[in-house]
Amino acid sequence: MDVARPMKQEDLQRRIEELGPWFQNLNIKGHLTAPDHFLGDYPTFKWKGFQHVLPPDLGGLSVLDVGCNAGFYALEMKRRNAARVVGIDSDPHYLAQARFAAEQAGMEIEFREMSVYDVARLGEKFDLVIFMGVLYHLRHPLLALDLLYEYAVGDMMLFQCLQRGDERIPDLREDYNFSEWSIFDQPEYPKLFFVEERYASDPTNWFIPNKAAVEAMLRSAGFRIDDHPEREVYLCRRSQRHYAVEPPPSFATQ
């Protein structure tokens, strides 16, 4: 990659402001991109809570960051010596931020404008897929998990999803009679809450699962949960799909 020309501090700050607003608070040579983030130093404070579940040295491994935003996790994977890092996002605004951040860090990361529904176009599976903060923004969440399983995840997946509702895991039988109604009234039964308009002033929040639904969806799509280091975060490995799951539709490969 081309080496970025050193920028004067005032020029660097000006460029960061031009690329705003930023959702991820990155530290670019001493300049914070979102110092007034409503969540605090996000996502750094989250990363510190679960970074230990990934190998400290990713030498020789490939990484795909789905919904990479400004590239925070892609940058962290490169800092862990990942051999190849690809970040994808459907928003060109975030990708411009990510390319700038990687350039200033002197890191070779490939960023591509594409959706999670397009992962088959990458034509490869990755040792680690990062799929964090995306599922609840999708109109077709199970399709996304199926596509990742089929076309992108070679081994591990680091997953996070906003959760609301009951956090208990119910003890469910494999099957229930058609006449059964009461099981669905239990607060802890796996549920996806559909947001028709907005949640947190965001019109792209569509399905918000409870904890039981998140874990059931991951298992159903073929992912084994290996670690659950903090609320909403899971380290998964590619395993066996549910026997009734159909392969993703053929349009995914076009």
# chains A, B, ... in the order shown; residues from 1 in each chain; ligands from 1
$ residues_around --residues "Gly40 (chain A)" --least-positions-apart "4" --cutoff "12 Å" --atoms "only C-alpha atoms" --output "PyMOL selection string"
chain A and resi 23-26+32+34-36+44-46
$ write_last_selection --atoms "all heavy atoms" --output "PDB file, in the first residue's frame"
ATOM      1  N   PHE A  23     -19.359   7.412  14.245  1.00  0.00           N
ATOM      2  CA  PHE A  23     -20.028   6.621  15.273  1.00  0.00           C
ATOM      3  C   PHE A  23     -19.003   5.936  16.179  1.00  0.00           C
ATOM      4  O   PHE A  23     -19.226   5.781  17.370  1.00  0.00           O
ATOM      5  CB  PHE A  23     -20.951   5.563  14.650  1.00  0.00           C
ATOM      6  CG  PHE A  23     -21.708   4.766  15.670  1.00  0.00           C
ATOM      7  CD1 PHE A  23     -22.726   5.350  16.410  1.00  0.00           C
ATOM      8  CD2 PHE A  23     -21.394   3.438  15.914  1.00  0.00           C
ATOM      9  CE1 PHE A  23     -23.425   4.623  17.373  1.00  0.00           C
ATOM     10  CE2 PHE A  23     -22.086   2.703  16.865  1.00  0.00           C
ATOM     11  CZ  PHE A  23     -23.106   3.297  17.596  1.00  0.00           C
ATOM     12  N   GLN A  24     -17.874   5.541  15.612  1.00  0.00           N
ATOM     13  CA  GLN A  24     -16.822   4.918  16.408  1.00  0.00           C
ATOM     14  C   GLN A  24     -15.809   5.977  16.834  1.00  0.00           C
ATOM     15  O   GLN A  24     -15.382   6.794  16.020  1.00  0.00           O
ATOM     16  CB  GLN A  24     -16.124   3.812  15.615  1.00  0.00           C
ATOM     17  CG  GLN A  24     -17.028   2.624  15.328  1.00  0.00           C
ATOM     18  CD  GLN A  24     -16.286   1.509  14.605  1.00  0.00           C
ATOM     19  OE1 GLN A  24     -15.252   1.719  13.964  1.00  0.00           O
ATOM     20  NE2 GLN A  24     -16.823   0.299  14.708  1.00  0.00           N
ATOM     21  N   ASN A  25     -15.441   5.935  18.095  1.00  0.00           N
ATOM     22  CA  ASN A  25     -14.461   6.884  18.616  1.00  0.00           C
ATOM     23  C   ASN A  25     -13.062   6.278  18.458  1.00  0.00           C
ATOM     24  O   ASN A  25     -12.624   5.476  19.282  1.00  0.00           O
ATOM     25  CB  ASN A  25     -14.742   7.201  20.086  1.00  0.00           C
ATOM     26  CG  ASN A  25     -13.825   8.291  20.610  1.00  0.00           C
ATOM     27  OD1 ASN A  25     -13.494   9.238  19.895  1.00  0.00           O
ATOM     28  ND2 ASN A  25     -13.409   8.171  21.859  1.00  0.00           N
ATOM     29  N   LEU A  26     -12.380   6.661  17.405  1.00  0.00           N
ATOM     30  CA  LEU A  26     -11.020   6.182  17.155  1.00  0.00           C
ATOM     31  C   LEU A  26     -10.016   7.222  17.630  1.00  0.00           C
ATOM     32  O   LEU A  26     -10.288   8.428  17.616  1.00  0.00           O
ATOM     33  CB  LEU A  26     -10.808   5.922  15.662  1.00  0.00           C
ATOM     34  CG  LEU A  26     -11.800   5.023  14.936  1.00  0.00           C
ATOM     35  CD1 LEU A  26     -11.367   4.842  13.491  1.00  0.00           C
ATOM     36  CD2 LEU A  26     -11.934   3.685  15.623  1.00  0.00           C
ATOM     37  N   LEU A  32      -9.240  12.285  18.727  1.00  0.00           N
ATOM     38  CA  LEU A  32     -10.406  11.433  18.915  1.00  0.00           C
ATOM     39  C   LEU A  32     -11.485  11.810  17.911  1.00  0.00           C
ATOM     40  O   LEU A  32     -11.773  12.988  17.698  1.00  0.00           O
ATOM     41  CB  LEU A  32     -10.935  11.562  20.341  1.00  0.00           C
ATOM     42  CG  LEU A  32      -9.966  11.152  21.453  1.00  0.00           C
ATOM     43  CD1 LEU A  32     -10.620  11.336  22.824  1.00  0.00           C
ATOM     44  CD2 LEU A  32      -9.505   9.707  21.273  1.00  0.00           C
ATOM     45  N   ALA A  34     -14.798  10.733  17.964  1.00  0.00           N
ATOM     46  CA  ALA A  34     -16.137  10.927  18.549  1.00  0.00           C
ATOM     47  C   ALA A  34     -16.001  11.051  20.060  1.00  0.00           C
ATOM     48  O   ALA A  34     -16.497  10.213  20.811  1.00  0.00           O
ATOM     49  CB  ALA A  34     -17.058   9.771  18.170  1.00  0.00           C
ATOM     50  N   PRO A  35     -15.322  12.096  20.535  1.00  0.00           N
ATOM     51  CA  PRO A  35     -15.051  12.215  21.976  1.00  0.00           C
ATOM     52  C   PRO A  35     -16.303  12.403  22.823  1.00  0.00           C
ATOM     53  O   PRO A  35     -16.271  12.132  24.036  1.00  0.00           O
ATOM     54  CB  PRO A  35     -14.144  13.451  22.059  1.00  0.00           C
ATOM     55  CG  PRO A  35     -14.463  14.246  20.824  1.00  0.00           C
ATOM     56  CD  PRO A  35     -14.780  13.224  19.769  1.00  0.00           C
ATOM     57  N   ASP A  36     -17.407  12.839  22.223  1.00  0.00           N
ATOM     58  CA  ASP A  36     -18.641  13.074  22.970  1.00  0.00           C
ATOM     59  C   ASP A  36     -19.683  11.990  22.720  1.00  0.00           C
ATOM     60  O   ASP A  36     -20.893  12.221  22.848  1.00  0.00           O
ATOM     61  CB  ASP A  36     -19.225  14.439  22.593  1.00  0.00           C
ATOM     62  CG  ASP A  36     -18.278  15.583  22.901  1.00  0.00           C
ATOM     63  OD1 ASP A  36     -17.623  15.538  23.959  1.00  0.00           O
ATOM     64  OD2 ASP A  36     -18.187  16.515  22.072  1.00  0.00           O
ATOM     65  N   THR A  44     -14.057   1.158  22.285  1.00  0.00           N
ATOM     66  CA  THR A  44     -12.881   0.719  23.044  1.00  0.00           C
ATOM     67  C   THR A  44     -13.262   0.077  24.373  1.00  0.00           C
ATOM     68  O   THR A  44     -12.733  -0.988  24.729  1.00  0.00           O
ATOM     69  CB  THR A  44     -11.922   1.898  23.296  1.00  0.00           C
ATOM     70  OG1 THR A  44     -11.443   2.385  22.036  1.00  0.00           O
ATOM     71  CG2 THR A  44     -10.740   1.470  24.142  1.00  0.00           C
ATOM     72  N   PHE A  45     -14.198   0.695  25.100  1.00  0.00           N
ATOM     73  CA  PHE A  45     -14.527   0.139  26.411  1.00  0.00           C
ATOM     74  C   PHE A  45     -15.208  -1.221  26.283  1.00  0.00           C
ATOM     75  O   PHE A  45     -15.049  -2.094  27.145  1.00  0.00           O
ATOM     76  CB  PHE A  45     -15.403   1.118  27.219  1.00  0.00           C
ATOM     77  CG  PHE A  45     -16.864   1.085  26.877  1.00  0.00           C
ATOM     78  CD1 PHE A  45     -17.731   0.253  27.564  1.00  0.00           C
ATOM     79  CD2 PHE A  45     -17.379   1.908  25.885  1.00  0.00           C
ATOM     80  CE1 PHE A  45     -19.089   0.230  27.256  1.00  0.00           C
ATOM     81  CE2 PHE A  45     -18.723   1.885  25.573  1.00  0.00           C
ATOM     82  CZ  PHE A  45     -19.589   1.039  26.261  1.00  0.00           C
ATOM     83  N   LYS A  46     -15.948  -1.443  25.191  1.00  0.00           N
ATOM     84  CA  LYS A  46     -16.552  -2.756  24.955  1.00  0.00           C
ATOM     85  C   LYS A  46     -15.475  -3.780  24.616  1.00  0.00           C
ATOM     86  O   LYS A  46     -15.473  -4.894  25.139  1.00  0.00           O
ATOM     87  CB  LYS A  46     -17.566  -2.672  23.814  1.00  0.00           C
ATOM     88  CG  LYS A  46     -18.809  -1.890  24.120  1.00  0.00           C
ATOM     89  CD  LYS A  46     -19.782  -2.676  24.986  1.00  0.00           C
ATOM     90  CE  LYS A  46     -20.392  -3.855  24.241  1.00  0.00           C
ATOM     91  NZ  LYS A  46     -21.369  -4.587  25.089  1.00  0.00           N
TER      92      LYS A  46
END
$ atom_distance --atom1 "CA of Phe193 (chain A)" --atom2 "CA of Phe131 (chain A)"
20.0 Å
$ residues_around --residues "Asp65 (chain A)" --least-positions-apart "4" --cutoff "8 Å" --atoms "only C-alpha atoms" --output "MDAnalysis selection string"
chainID A and resid 73:74 85:88 129:131
$ select_by_dssp --residues "region 66-250 of chain A" --states "helix (DSSP H, G or I)" --output "PyMOL selection string"
chain A and resi 72-79+92-105+116-122+135-137+141-151+182-185+211-221+250
$ residues_around --residues "Met157 (chain A)" --least-positions-apart "4" --cutoff "9 Å" --atoms "only C-alpha atoms" --output "CSV table (one decimal) with N, CA and C atoms, in the first residue's frame"
chain,number,residue,atom,x,y,z
A,127,ASP,N,-10.9,-17.2,8.4
A,127,ASP,CA,-10.6,-17.9,9.6
A,127,ASP,C,-11.4,-17.3,10.8
A,128,LEU,N,-11.6,-16.0,10.7
A,128,LEU,CA,-12.4,-15.2,11.7
A,128,LEU,C,-13.3,-14.2,11.0
A,129,VAL,N,-14.6,-14.3,11.4
A,129,VAL,CA,-15.6,-13.3,10.9
A,129,VAL,C,-16.1,-12.5,12.1
A,130,ILE,N,-16.0,-11.2,12.0
A,130,ILE,CA,-16.5,-10.3,13.1
A,130,ILE,C,-17.9,-9.8,12.6
A,131,PHE,N,-18.9,-10.1,13.3
A,131,PHE,CA,-20.3,-9.8,13.0
A,131,PHE,C,-20.9,-9.2,14.2
A,153,VAL,N,-17.8,-17.9,6.9
A,153,VAL,CA,-17.1,-18.3,8.1
A,153,VAL,C,-16.4,-19.6,7.9
A,223,PHE,N,-23.9,-22.5,14.2
A,223,PHE,CA,-22.8,-22.0,15.0
A,223,PHE,C,-22.8,-22.6,16.5
A,234,TYR,N,-20.6,-13.1,21.8
A,234,TYR,CA,-20.4,-14.5,21.8
A,234,TYR,C,-19.2,-14.8,20.8
A,235,LEU,N,-18.4,-15.8,21.2
A,235,LEU,CA,-17.5,-16.4,20.3
A,235,LEU,C,-18.0,-17.7,19.9
A,236,CYS,N,-18.2,-17.8,18.6
A,236,CYS,CA,-18.8,-19.0,18.0
A,236,CYS,C,-17.8,-19.7,17.1
A,237,ARG,N,-18.1,-21.0,16.8
A,237,ARG,CA,-17.4,-21.8,15.8
A,237,ARG,C,-18.4,-22.4,14.9
A,238,ARG,N,-17.9,-22.6,13.7
A,238,ARG,CA,-18.7,-23.2,12.7
A,238,ARG,C,-19.0,-24.7,13.1
$ select_by_dssp --residues "region 94-174 of chain A" --states "strand (DSSP E or B)" --output "short mmCIF file (atom, residue, chain, number, x, y, z; two decimals) with all heavy atoms, in the first residue's frame"
data_model
loop_
_atom_site.label_atom_id
_atom_site.label_comp_id
_atom_site.auth_asym_id
_atom_site.auth_seq_id
_atom_site.Cartn_x
_atom_site.Cartn_y
_atom_site.Cartn_z
N GLU A 110 -8.27 -4.12 3.34
CA GLU A 110 -9.13 -3.95 2.17
C GLU A 110 -10.54 -3.62 2.63
O GLU A 110 -11.13 -4.35 3.44
CB GLU A 110 -9.15 -5.22 1.33
CG GLU A 110 -10.06 -5.14 0.11
CD GLU A 110 -10.15 -6.46 -0.64
OE1 GLU A 110 -9.30 -7.34 -0.41
OE2 GLU A 110 -11.09 -6.60 -1.45
N PHE A 111 -11.10 -2.53 2.14
CA PHE A 111 -12.46 -2.15 2.48
C PHE A 111 -13.31 -2.17 1.21
O PHE A 111 -12.90 -1.64 0.17
CB PHE A 111 -12.51 -0.76 3.12
CG PHE A 111 -11.86 -0.71 4.47
CD1 PHE A 111 -10.60 -0.15 4.63
CD2 PHE A 111 -12.51 -1.23 5.58
CE1 PHE A 111 -10.00 -0.10 5.88
CE2 PHE A 111 -11.91 -1.19 6.84
CZ PHE A 111 -10.65 -0.63 6.99
N ARG A 112 -14.49 -2.79 1.32
CA ARG A 112 -15.37 -2.91 0.16
C ARG A 112 -16.79 -2.52 0.52
O ARG A 112 -17.28 -2.84 1.61
CB ARG A 112 -15.35 -4.35 -0.37
CG ARG A 112 -13.98 -4.80 -0.86
CD ARG A 112 -14.00 -6.20 -1.42
NE ARG A 112 -14.88 -6.33 -2.56
CZ ARG A 112 -15.01 -7.45 -3.29
NH1 ARG A 112 -14.27 -8.51 -2.99
NH2 ARG A 112 -15.84 -7.50 -4.29
N GLU A 113 -17.44 -1.82 -0.40
CA GLU A 113 -18.83 -1.42 -0.19
C GLU A 113 -19.74 -2.57 -0.59
O GLU A 113 -19.96 -2.84 -1.77
CB GLU A 113 -19.17 -0.16 -1.00
CG GLU A 113 -20.57 0.35 -0.74
CD GLU A 113 -20.90 1.63 -1.51
OE1 GLU A 113 -19.96 2.31 -1.97
OE2 GLU A 113 -22.11 1.92 -1.67
N PHE A 126 -13.22 -17.09 5.68
CA PHE A 126 -12.23 -16.45 6.54
C PHE A 126 -12.09 -17.22 7.85
O PHE A 126 -13.05 -17.80 8.36
CB PHE A 126 -12.65 -15.01 6.82
CG PHE A 126 -12.67 -14.13 5.60
CD1 PHE A 126 -13.73 -14.18 4.70
CD2 PHE A 126 -11.62 -13.26 5.33
CE1 PHE A 126 -13.76 -13.38 3.58
CE2 PHE A 126 -11.63 -12.44 4.20
CZ PHE A 126 -12.70 -12.51 3.33
N ASP A 127 -10.87 -17.19 8.38
CA ASP A 127 -10.63 -17.87 9.65
C ASP A 127 -11.45 -17.26 10.78
O ASP A 127 -11.89 -17.97 11.68
CB ASP A 127 -9.14 -17.80 10.01
CG ASP A 127 -8.27 -18.48 8.97
OD1 ASP A 127 -8.48 -19.68 8.72
OD2 ASP A 127 -7.38 -17.81 8.39
N LEU A 128 -11.64 -15.96 10.72
CA LEU A 128 -12.42 -15.25 11.73
C LEU A 128 -13.33 -14.24 11.04
O LEU A 128 -12.86 -13.45 10.22
CB LEU A 128 -11.50 -14.52 12.72
CG LEU A 128 -12.15 -13.53 13.67
CD1 LEU A 128 -13.13 -14.23 14.62
CD2 LEU A 128 -11.09 -12.77 14.47
N VAL A 129 -14.61 -14.29 11.37
CA VAL A 129 -15.56 -13.29 10.90
C VAL A 129 -16.05 -12.51 12.11
O VAL A 129 -16.45 -13.09 13.13
CB VAL A 129 -16.76 -13.93 10.17
CG1 VAL A 129 -17.85 -12.90 9.90
CG2 VAL A 129 -16.30 -14.56 8.86
N ILE A 130 -16.00 -11.19 12.02
CA ILE A 130 -16.53 -10.31 13.05
C ILE A 130 -17.88 -9.80 12.58
O ILE A 130 -17.99 -9.16 11.53
CB ILE A 130 -15.56 -9.14 13.32
CG1 ILE A 130 -14.22 -9.68 13.83
CG2 ILE A 130 -16.16 -8.16 14.33
CD1 ILE A 130 -13.15 -8.62 13.98
N PHE A 131 -18.91 -10.13 13.34
CA PHE A 131 -20.28 -9.76 12.97
C PHE A 131 -20.93 -9.15 14.21
O PHE A 131 -21.66 -9.79 14.94
CB PHE A 131 -21.03 -11.00 12.49
CG PHE A 131 -22.38 -10.72 11.88
CD1 PHE A 131 -22.55 -9.72 10.94
CD2 PHE A 131 -23.47 -11.50 12.23
CE1 PHE A 131 -23.80 -9.48 10.37
CE2 PHE A 131 -24.72 -11.26 11.66
CZ PHE A 131 -24.88 -10.26 10.73
N MET A 132 -20.62 -7.89 14.43
CA MET A 132 -21.00 -7.23 15.67
C MET A 132 -21.83 -5.98 15.39
O MET A 132 -21.48 -5.16 14.54
CB MET A 132 -19.75 -6.85 16.48
CG MET A 132 -18.85 -8.04 16.77
SD MET A 132 -17.59 -7.65 17.98
CE MET A 132 -18.59 -7.41 19.44
N VAL A 153 -17.78 -17.87 6.91
CA VAL A 153 -17.14 -18.32 8.15
C VAL A 153 -16.43 -19.65 7.92
O VAL A 153 -17.07 -20.67 7.67
CB VAL A 153 -18.16 -18.45 9.30
CG1 VAL A 153 -17.45 -18.92 10.57
CG2 VAL A 153 -18.86 -17.12 9.55
N GLY A 154 -15.10 -19.61 8.04
CA GLY A 154 -14.34 -20.84 7.92
C GLY A 154 -14.15 -21.53 9.25
O GLY A 154 -14.06 -22.76 9.32
N ASP A 155 -14.08 -20.76 10.33
CA ASP A 155 -13.85 -21.33 11.66
C ASP A 155 -14.60 -20.53 12.73
O ASP A 155 -15.64 -20.96 13.21
CB ASP A 155 -12.35 -21.36 11.96
CG ASP A 155 -12.03 -22.03 13.29
OD1 ASP A 155 -12.90 -22.73 13.83
OD2 ASP A 155 -10.90 -21.85 13.79
N MET A 156 -14.09 -19.36 13.09
CA MET A 156 -14.63 -18.61 14.22
C MET A 156 -15.50 -17.44 13.76
O MET A 156 -15.28 -16.87 12.69
CB MET A 156 -13.50 -18.05 15.09
CG MET A 156 -12.63 -19.08 15.76
SD MET A 156 -11.33 -18.30 16.78
CE MET A 156 -10.27 -17.62 15.50
N MET A 157 -16.46 -17.08 14.62
CA MET A 157 -17.24 -15.86 14.41
C MET A 157 -17.41 -15.15 15.75
O MET A 157 -17.88 -15.73 16.72
CB MET A 157 -18.62 -16.14 13.81
CG MET A 157 -19.44 -14.87 13.59
SD MET A 157 -20.99 -15.12 12.67
CE MET A 157 -21.98 -15.94 13.93
N LEU A 158 -16.99 -13.89 15.80
CA LEU A 158 -17.20 -13.04 16.96
C LEU A 158 -18.48 -12.26 16.70
O LEU A 158 -18.58 -11.49 15.75
CB LEU A 158 -16.02 -12.10 17.17
CG LEU A 158 -16.05 -11.22 18.42
CD1 LEU A 158 -15.99 -12.07 19.69
CD2 LEU A 158 -14.89 -10.22 18.41
N PHE A 159 -19.48 -12.47 17.57
CA PHE A 159 -20.83 -11.99 17.30
C PHE A 159 -21.35 -11.13 18.45
O PHE A 159 -21.09 -11.43 19.62
CB PHE A 159 -21.76 -13.20 17.11
CG PHE A 159 -23.21 -12.85 16.96
CD1 PHE A 159 -23.74 -12.57 15.72
CD2 PHE A 159 -24.06 -12.82 18.07
CE1 PHE A 159 -25.09 -12.24 15.58
CE2 PHE A 159 -25.39 -12.51 17.93
CZ PHE A 159 -25.91 -12.22 16.69
N GLN A 160 -22.06 -10.07 18.10
CA GLN A 160 -22.74 -9.25 19.11
C GLN A 160 -24.04 -8.74 18.52
O GLN A 160 -24.11 -8.39 17.34
CB GLN A 160 -21.87 -8.06 19.54
CG GLN A 160 -22.49 -7.18 20.63
CD GLN A 160 -23.31 -6.02 20.07
OE1 GLN A 160 -23.09 -5.60 18.94
NE2 GLN A 160 -24.26 -5.53 20.85
#
